[in-house]
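Structure first, commentary second.
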Amino acid sequence: MKCAPALLLFGLADAALSATFNVTVNASGGHAMPSTLYGLMYEDINSGDGGLYAERQHYPSFFFEPSYSLRIAVLQNRAFQQVTPSTSAALNAWSALGSTSQLSVVKSSTAVSTALPNSLSLVVPSGATGAVGFANSGYFGIKVDSTWTYTGSFYYRFPSPPASQISGTFTIGLRNSAGTTLVSSTASFTSSAGWKQVTFNFKPSATQTAATNSFFVSTNGASIAGQTLEFALFSLFPPTFKNRTNGMRLDISQALLDMKPTFFRFPGGNNLEGQTVARRWLWSNTVGSLLDRPGRVGDWSYVNTDGLGIYEYLEWIEDMEMEPIMAVWAGYTLDGTSQPESNLAPYIQEAIDQINFAIGDASTNAQAAIRASMGHPAPFTLRYVEIGNEDFFATSSYSSYRWRDFYGNLSAAFPQIHFIATSATSGNVPSISPAPSYWDLHIYSNPNFFRTGCYNFDILPRNGLQFFQGEYAVTSTDSGGSMAYPTIDGAVAEAAYMTGFDRNSDIVFAASYAPLLNHINSTQWTPNLVSFSPNTLIKSTSYYVQQMFGVYKGDTYLTSTTNSASSAVQWSVTRNTAANQIYLKAINTATSANTVVFNLPFTILSTAGTGTVLSAAAGTMNTPASPNAAVPRNFTFTAGTTITYNAPALSASVLIVSAR
């Protein structure tokens with residue numbers, strides 16, 4: 001049915017309208033939008049262990065995993081990886097219980113595994129009485145939730161067992177900062193020189209408001225007086241996303257899922273490259289049993305346990321109904337070293353093996369057989385592989401031989417995969433041979449760049465080259481000031497820039513904000529899309545913009561009245577064909593309200609329109625103290641062939657119209 005024009009006045013009782021923008025949507029033209037347009041980029045910056053990855057133990061501050069955290073790891077320094085034995089730093093997050101027991105990290109004479117040579121040594125003096133043991137403070141605390149059942153394990157041994165076997169009971173649990181036990185369970189032990197594994201679970205009876213809680217293991221000192229015990233590879237998990245063993249944190253996963261992302265780029269980012277060749281991200285060190293993962297000092301100067309390995313990434317991506325954009329190491333390290341061409345062959349084979357792990361035939365390929373042994377016999381989906389990361393920090397080697405050699409060999413081995421070339425953060429498109437079909441660009445700047453840059457892709461030739469805006473964000477104010485969290489000014493400027501992704505989605509096949517995640521107690525980069533602590537989650541203003549574009553992407557871009565980069569208001573019109581919906585996005589970057597008049601050439605199926613708007617005063621941020629300072633508000637309106645919308649100052653809005 002045809003409907004009369006509709007007028008939408010929203011939240012503007014005291015606002016003066018500055019200008020009117022007339023948008024006529026065309027009945028024909030436009031183009032299909034790629035399914036991959038909006039997704040996620042992840043690099044472990046204080047956000048893997050103790051963040052996205054659900055394990056919950058702690059590493060020293062200079063070894064703490066940075067701000068992009070997926071794995072719900074609870075315990076820091078859980079396996080004493082990449083630390084120096086017999087130093088105080090090796091004990092960070094661990095403390096002794098009982099005034100007489102001695103705690104240290106040692107290189108075990110008989111290690112629990114080759115990959116994990118260190119262990120926690122508990123020396124109990126003769127004549128000891130009362131409880132002895134140790135505690136772990138987690139990643140800046142541990143959340144205690146009465147609805148959760150926690151599961152865990154650890155290994156122990158007596159390096160010099162007594163002639164007569166002794167036995168006793170470990171008490172394992174959580175306690176608060178005052179030392180009060182909140183929940184516990186018990187497990188028996190016997191003296192043995194060989195390693196034995198203890199498994200346990202417990203469910204708290206009450207939720208704790210504070211996260212200043214710790215994990216502990218204790219026993220009666222009298223039962224082991226005069227003895228030394230060693231402990232290795234601790235694990236403590238709350239429930240995980242999709243109940244996966246060694247899985248991801250629930251609330252972070254759900255927040256990301258709510259954005260409707262279509263892809264996930266991993267493992268970086270700088271954390272792919274390594275400060276040296278030995279410290280590069282190496283897929284084969286992240287698979288198999290946790291006993292076989294040595295960990296590495298990542299590129300943000302803390303230890304990555306690699307409990308969040310390639311398998312966990314791919315399984316979680318599948319669970320989230322995304323597809324991977326997987327990076328392979330391409331012969332460059334962050335100390336500025338490029339491998340000479342004569343040295344590349346083993347690294348090219350390493351990349352081939354990594355891809356085969358993901359998609360190879362488990363019946364014929366050794367790397368794919370590892371994947372099958374971990375629980376996924378069928379290949380994962382993998383259509384896009386990025387060769388390196390920001391490799392034009394070493395322009396000469398990438399353009400003269402590294403891209404050519406990696407691309408030539410990988411494309412020959414996997415002709416069905418699209419390989420992506422990488423750029424430096426300037427966003428330039430250098431000339432390399434063979435010419436890539438896909439290019440990753442990274443941009444970090446101020447709001448003004450993004451406000452005025454929304455037509456950057458419009459001027460590019462349509463010559464078959466597809467672009468991946470793999471990293472972008474407003475990272476400073478227009479005056480050059482720093483930002484602890486994304487502001488509404490920056491988020492709305494990003495939204496204006498994103499209308500350019502919609503409009504140019506014939507050549508922009510994917511885009512992702514970066515960084516993704518940040519632990520508020522250990523921050524190395526600001527701002528970030530989502531921030532968290534053990535018991536909080538903060539969605540930024542930029543998060544809500546990304547969610548708006550992800551949820552209301554549509555499948556077809558519809559052409560409309562041409563705008564200019566200097567305009568305070570930008571718009572995008574897309575269609576969801578299956579749902580018979582038109583999405584009208586209106587982005588007002590001005591500090592005063594503006595009117596947008598949409599003229600639609602469609603048959604309106606319902607006059608009941610719905611919408612959502614994000615708007616706030618200039619400078620507004622969602623912070624730990626004020627996590628909901630700026631959140632979207634829903635509204636309704638009467639839909640028609642003409643819709644007049646009064647866009648609030650500094651706002652990102654979408655109007656949903658049922659039409660065909």
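Ordered as shown in the structure tokens, chains take letters A, B, and onward, while each chain numbers its residues from 1 and ligands are numbered from 1 in the order shown.
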> Quick one: residues within 9 Å of Leu382 of chain A, only C-alpha atoms counted, chain neighbours fewer than 6 positions away excluded, as a list of chain:residue names?
Replying inline: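 Using only C-alpha atoms, the neighbours found are A:Glu323, A:Pro324, A:Ile325, A:Met326, A:Ile355, A:Ala358, A:Ile359, A:Ile417.
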>> Give me, as a ChimeraX atom specification, all polymer residues having an atom no more than 6 Å from segment 551-565 of chain A, counting only C-alpha atoms and skipping those fewer than 3 positions away in the same chain.
In response: /A:23-26,30-33,260,452,455,547-548,573-576
>> I need the residue nearest Glu390 of chain A from this list: A:Gly500, A:Pro415, A:Gly269, A:Pro85. Use only C-alpha atoms for the distance.
In response: A:Gly269
> For the atom pair atom CA of Val303 of chain A and atom CA of Ser113 of chain A, what is the interatomic distance in Å to one decimal place?
Replying inline: 18.3 Å
>> Could you check the closest approach to Phe380 of chain A for each of A:Ala368, A:Ala210, A:Ala421, A:Ala412 and tell me which residue wins, using only C-alpha atoms?
In response: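 Of A:Ala368, A:Ala210, A:Ala421, A:Ala412, the one nearest Phe380 of chain A, counting only C-alpha atoms, is A:Ala368.
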>> Which residues are close to Val657 of chain A, i.e. within 7 Å by only C-alpha atoms, leaving aside same-chain residues fewer than 4 positions away? Reply as a PyMOL selection string.
In response: chain A and resi 581-583+609+639
Write the residues of the selection above to a file with C-alpha atoms, as a short mmCIF file (atom, residue, chain, number, x, y, z; two decimals), in the first residue's frame.
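Final file, result_1.cif:
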data_model
loop_
_atom_site.label_atom_id
_atom_site.label_comp_id
_atom_site.auth_asym_id
_atom_site.auth_seq_id
_atom_site.Cartn_x
_atom_site.Cartn_y
_atom_site.Cartn_z
CA GLN A 581 13.04 -4.19 5.10
CA ILE A 582 14.77 -0.96 4.13
CA TYR A 583 17.44 0.39 6.49
CA GLY A 609 8.35 1.94 11.63
CA ALA A 639 6.48 4.99 7.95
#
> What residues in segment 188-229 of chain A get the DSSP label helix (DSSP H, G or I)? Please answer as a PyMOL selection string.
Replying inline: chain A and resi 221-224
>> Report as an NGL selection string all protein, DNA and RNA residues lying within 9 Å of segment 528-530 of chain A, evaluated on only C-alpha atoms, omitting residues in the same chain fewer than 6 positions from it.
In response: :A and (67-68 or 252 or 255-256 or 473 or 475 or 484-486 or 513-519 or 537-543 or 546)
> Among segment 207-249 of chain A, which residues carry a DSSP assignment of strand (DSSP E), reported as a ChimeraX atom specification?
Replying inline: /A:214-220,228-237
>> Need to verify the contact set: Asn270 of chain A, 12 Å, only C-alpha atoms, exclusion of same-chain residues closer than 2 positions in sequence. Can you return it as JSON, numbers by chain?
In response: {"A": [41, 42, 43, 44, 45, 66, 266, 267, 268, 272, 273, 274, 275, 276, 279, 280, 281, 298, 299, 300, 301, 327, 328, 329, 332, 333, 334, 335, 388, 389, 390, 391, 393, 424, 425, 471, 515]}
> Which residues, written as a list in words, have at least one atom at most 9 Å from Asp292 of chain A, with only C-alpha atoms counted and residues fewer than 4 positions away on the same chain left out?
Replying inline: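 Those residues are Ser113, Thr114, Ala115, Leu116, Asn285, Thr286, Val287 and Gly288 of chain A.
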Output C-alpha atoms for every residue in that selection, as a PDB file, in the first residue's frame.
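And here's selection_38.pdb as it stands now:
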ATOM      1  CA  SER A 113      56.296 -32.127  29.955  1.00  0.00           C
ATOM      2  CA  THR A 114      59.057 -30.986  27.639  1.00  0.00           C
ATOM      3  CA  ALA A 115      57.126 -27.830  26.807  1.00  0.00           C
ATOM      4  CA  LEU A 116      56.589 -26.920  30.487  1.00  0.00           C
ATOM      5  CA  ASN A 285      53.115 -24.475  19.261  1.00  0.00           C
ATOM      6  CA  THR A 286      49.436 -23.726  19.948  1.00  0.00           C
ATOM      7  CA  VAL A 287      47.879 -27.137  19.238  1.00  0.00           C
ATOM      8  CA  GLY A 288      47.441 -30.427  21.045  1.00  0.00           C
TER       9      GLY A 288
END
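Atom CA of Ser338 of chain A to atom CA of Phe392 of chain A spans 11.1 Å [interatomic distance, one decimal].
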